[in-house]
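For reference, the structure is listed below as structure tokens.
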Amino acid sequence: MSEQPTALPQPILDALACSRFLRRQLDSRSWLAPRLAASIGAPLDATAMRDFLRDEKVDDNTLKPVLRRLRAWVICHVMVRDLAGLASLTEVTETMTLLADIAVETTVDLHRAALVARHGQPVSADGREQEFIVLGMGKLGGRELNVSSDVDFIFIYPEAGETDGETPTGPGKRIDNFDFFNRLGRKVIELLAEVTADGFVFRVD
């Protein structure tokens with residue numbers, strides 16, 4: 001078992017004494033200990049999580065591993081603060097809900113842009129752009145996620161139609177809105193739930 005730097009804040013050292021999970025995370029991710037030490041004094045908010053994604057230069061190709069690194073930081077941060085008595089139950093559930101919100105938001109924004117580049121914007125019969133709406137159900141909808149919660153989604157969009165790609169076939173091929181949003185929803189589930197060498201973000205129903 002490797003030793004962690006003694007310069008770590010006391011709450012992290014105390015958590016290491018009783019958590020093999022935290023030990024494994026810090027041992028396998030060299031970047032995590034200094035980031036955790038710098039952030040542990042305060043709750044994580046949406047700005048901190050978005051800054052993490054920006055610092056990691058997340059894009060459509062790197063999104064899967066970057067989201068899993070974000071989860072590792074958030075989970076360890078919440079766990080240490082909880083064990084140290086620094087975090088209320090509300091802080092824990094709100095932080096985990098923010099992680100889900102930002103993971104979904106980032107996934108939708110990046111992959112929608114990729115689909116639009118390939119097929120055009122999904123529009124209604126009268127030409128209005130159609131939005132992808134993600135409804136969080138259960139604990140996600142109630143902002144009560146904990147560190148072991150799965151997430152339940154309903155995906156909806158307002159109207160039928162097709163994308164406004166340049167041509168019915170070939171490059172810029174148009175597809176109907178159902179196909180567009182079905183692909184987008186499947187990508188959200190894959191990017192959050194697939195188990196990789198870096199773990200997963202959330203189990204998805």
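All residue names refer to the structure tokens as shown: chains lettered A, B, ... in order, residues numbered from 1 in each chain, ligands numbered from 1 in order.
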Per-residue DSSP, chain A, filtered to strand (DSSP E), as a list in words
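So the strand (DSSP E) residues in chain A would be Pro122, Val123, Ser124, Ile133, Val134, Leu135, Gly136, Met137, Asp152, Phe153, Ile154, Phe155, Ile156, Gly161, Glu162 and Thr163 of chain A.
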Excluding stretch 96-102 of chain A and its own-chain neighbours fewer than 5 positions away, which residues fall within 8 Å of it when counting only C-alpha atoms? Please give them as a PyMOL selection string.
chain A and resi 45-46+49-50+71+74-75+140+143-147+202
Would you mind listing what lies within 8 Å of stretch 118-120 of chain A as a short mmCIF file (atom, residue, chain, number, x, y, z; two decimals) with N, CA, C and O atoms, in the first residue's frame, with only C-alpha atoms counted and same-chain residues fewer than 6 positions away left out?
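Output (part.cif):
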data_model
loop_
_atom_site.label_atom_id
_atom_site.label_comp_id
_atom_site.auth_asym_id
_atom_site.auth_seq_id
_atom_site.Cartn_x
_atom_site.Cartn_y
_atom_site.Cartn_z
N THR A 163 -34.47 16.85 -39.88
CA THR A 163 -33.38 17.81 -39.80
C THR A 163 -33.28 18.61 -41.10
O THR A 163 -33.80 18.20 -42.15
N ASP A 164 -32.61 19.75 -41.01
CA ASP A 164 -32.51 20.62 -42.18
C ASP A 164 -31.16 20.48 -42.87
O ASP A 164 -30.58 21.46 -43.35
N GLY A 165 -30.66 19.24 -42.92
CA GLY A 165 -29.42 18.98 -43.64
C GLY A 165 -29.54 19.36 -45.10
O GLY A 165 -30.64 19.54 -45.63
N GLU A 166 -28.40 19.43 -45.76
CA GLU A 166 -28.38 19.95 -47.13
C GLU A 166 -29.08 19.05 -48.13
O GLU A 166 -29.67 19.53 -49.10
N PRO A 171 -23.62 13.27 -47.81
CA PRO A 171 -23.14 14.21 -46.78
C PRO A 171 -24.23 15.22 -46.42
O PRO A 171 -24.92 15.75 -47.30
N GLY A 172 -24.39 15.49 -45.16
CA GLY A 172 -25.46 16.38 -44.73
C GLY A 172 -26.83 15.74 -44.81
O GLY A 172 -27.84 16.42 -44.87
N LYS A 173 -26.86 14.40 -44.80
CA LYS A 173 -28.12 13.67 -44.97
C LYS A 173 -29.14 14.05 -43.91
O LYS A 173 -28.86 14.10 -42.72
N ARG A 174 -30.36 14.32 -44.35
CA ARG A 174 -31.45 14.61 -43.43
C ARG A 174 -31.95 13.31 -42.79
O ARG A 174 -32.00 12.27 -43.44
N ILE A 175 -32.31 13.42 -41.52
CA ILE A 175 -32.97 12.31 -40.83
C ILE A 175 -34.17 12.86 -40.09
O ILE A 175 -34.25 14.07 -39.84
#
With distances taken over only C-alpha atoms, which residue among A:Arg20, A:Asp59, A:Phe180, A:Leu67 lies nearest A:Thr196?
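Counting only C-alpha atoms, the residue closest to A:Thr196 is A:Leu67.
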Write out as a PyMOL selection string which residues come within 9 Å of A:Ile156 when counting only C-alpha atoms, dropping same-chain ones fewer than 4 positions away.
chain A and resi 131-135+181
Long-range neighbours of A:Ala125 as a list of chain:residue names, 12 Å cut-off, only C-alpha atoms, 5 positions minimum in chain
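Using only C-alpha atoms, the neighbours found are A:Gln130, A:Pro158, A:Glu159, A:Ala160, A:Gly161, A:Glu162, A:Thr163, A:Asp164, A:Asp176, A:Asn177.
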d(atom CA of A:Asn61, atom CA of A:Asn182) in Å:
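Separation of atom CA of A:Asn61 and atom CA of A:Asn182: 19.8 Å.
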Tell me, in Å to one decimal, how far atom CA of A:Phe52 is from atom CA of A:Gly138.
27.3 Å
As an MDAnalysis selection string, please: the residues near A:Asp152 (cut-off 9 Å, only C-alpha atoms, same-chain neighbours under 4 positions excluded).
chainID A and resid 135:141 203:205
With only C-alpha atoms as the counted atoms, please give the residues lying no more than 7 Å from A:His77, apart from itself and same-chain residues fewer than 4 positions off, as a VMD selection string.
chain A and resid 36 40 73 81
Which one of A:Pro65, A:Gly185, A:Pro34, A:Gly199 sits closest to A:Ile12 if you count only C-alpha atoms?
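Closest residue, counting only C-alpha atoms: A:Pro34.
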Tell me, in Å to one decimal, how far atom CA of A:Ala15 is from atom CA of A:Leu70.
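Taking atom CA of A:Ala15 and atom CA of A:Leu70, their separation equals 19.5 Å.
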Backbone DSSP call of helix (DSSP H, G or I) for stretch 150-202 of chain A, listed as a short mmCIF file (atom, residue, chain, number, x, y, z; two decimals) with N, CA and C atoms, in the first residue's frame:
data_model
loop_
_atom_site.label_atom_id
_atom_site.label_comp_id
_atom_site.auth_asym_id
_atom_site.auth_seq_id
_atom_site.Cartn_x
_atom_site.Cartn_y
_atom_site.Cartn_z
N ASN A 177 -36.75 13.63 -36.97
CA ASN A 177 -36.45 14.09 -35.61
C ASN A 177 -36.40 12.93 -34.62
N PHE A 178 -37.27 11.93 -34.82
CA PHE A 178 -37.22 10.78 -33.92
C PHE A 178 -35.85 10.12 -33.96
N ASP A 179 -35.32 9.92 -35.16
CA ASP A 179 -34.01 9.29 -35.31
C ASP A 179 -32.93 10.16 -34.67
N PHE A 180 -32.98 11.46 -34.91
CA PHE A 180 -31.99 12.39 -34.35
C PHE A 180 -31.98 12.30 -32.83
N PHE A 181 -33.16 12.43 -32.22
CA PHE A 181 -33.20 12.46 -30.75
C PHE A 181 -33.01 11.07 -30.14
N ASN A 182 -33.38 10.04 -30.87
CA ASN A 182 -33.09 8.69 -30.40
C ASN A 182 -31.59 8.45 -30.32
N ARG A 183 -30.87 8.87 -31.34
CA ARG A 183 -29.40 8.76 -31.32
C ARG A 183 -28.82 9.58 -30.17
N LEU A 184 -29.35 10.77 -29.96
CA LEU A 184 -28.83 11.62 -28.89
C LEU A 184 -29.09 11.00 -27.52
N GLY A 185 -30.29 10.48 -27.31
CA GLY A 185 -30.61 9.85 -26.03
C GLY A 185 -29.75 8.63 -25.77
N ARG A 186 -29.54 7.81 -26.80
CA ARG A 186 -28.69 6.63 -26.64
C ARG A 186 -27.26 7.02 -26.29
N LYS A 187 -26.80 8.12 -26.86
CA LYS A 187 -25.44 8.58 -26.57
C LYS A 187 -25.33 9.05 -25.13
N VAL A 188 -26.34 9.74 -24.64
CA VAL A 188 -26.34 10.16 -23.24
C VAL A 188 -26.22 8.95 -22.32
N ILE A 189 -27.02 7.92 -22.58
CA ILE A 189 -26.98 6.72 -21.75
C ILE A 189 -25.62 6.04 -21.83
N GLU A 190 -25.08 5.91 -23.04
CA GLU A 190 -23.77 5.26 -23.21
C GLU A 190 -22.68 6.02 -22.46
N LEU A 191 -22.64 7.33 -22.62
CA LEU A 191 -21.55 8.10 -22.03
C LEU A 191 -21.62 8.15 -20.51
N LEU A 192 -22.81 8.02 -19.96
CA LEU A 192 -22.93 8.01 -18.50
C LEU A 192 -22.75 6.62 -17.92
N ALA A 193 -23.29 5.61 -18.57
CA ALA A 193 -23.44 4.30 -17.93
C ALA A 193 -22.41 3.26 -18.34
#
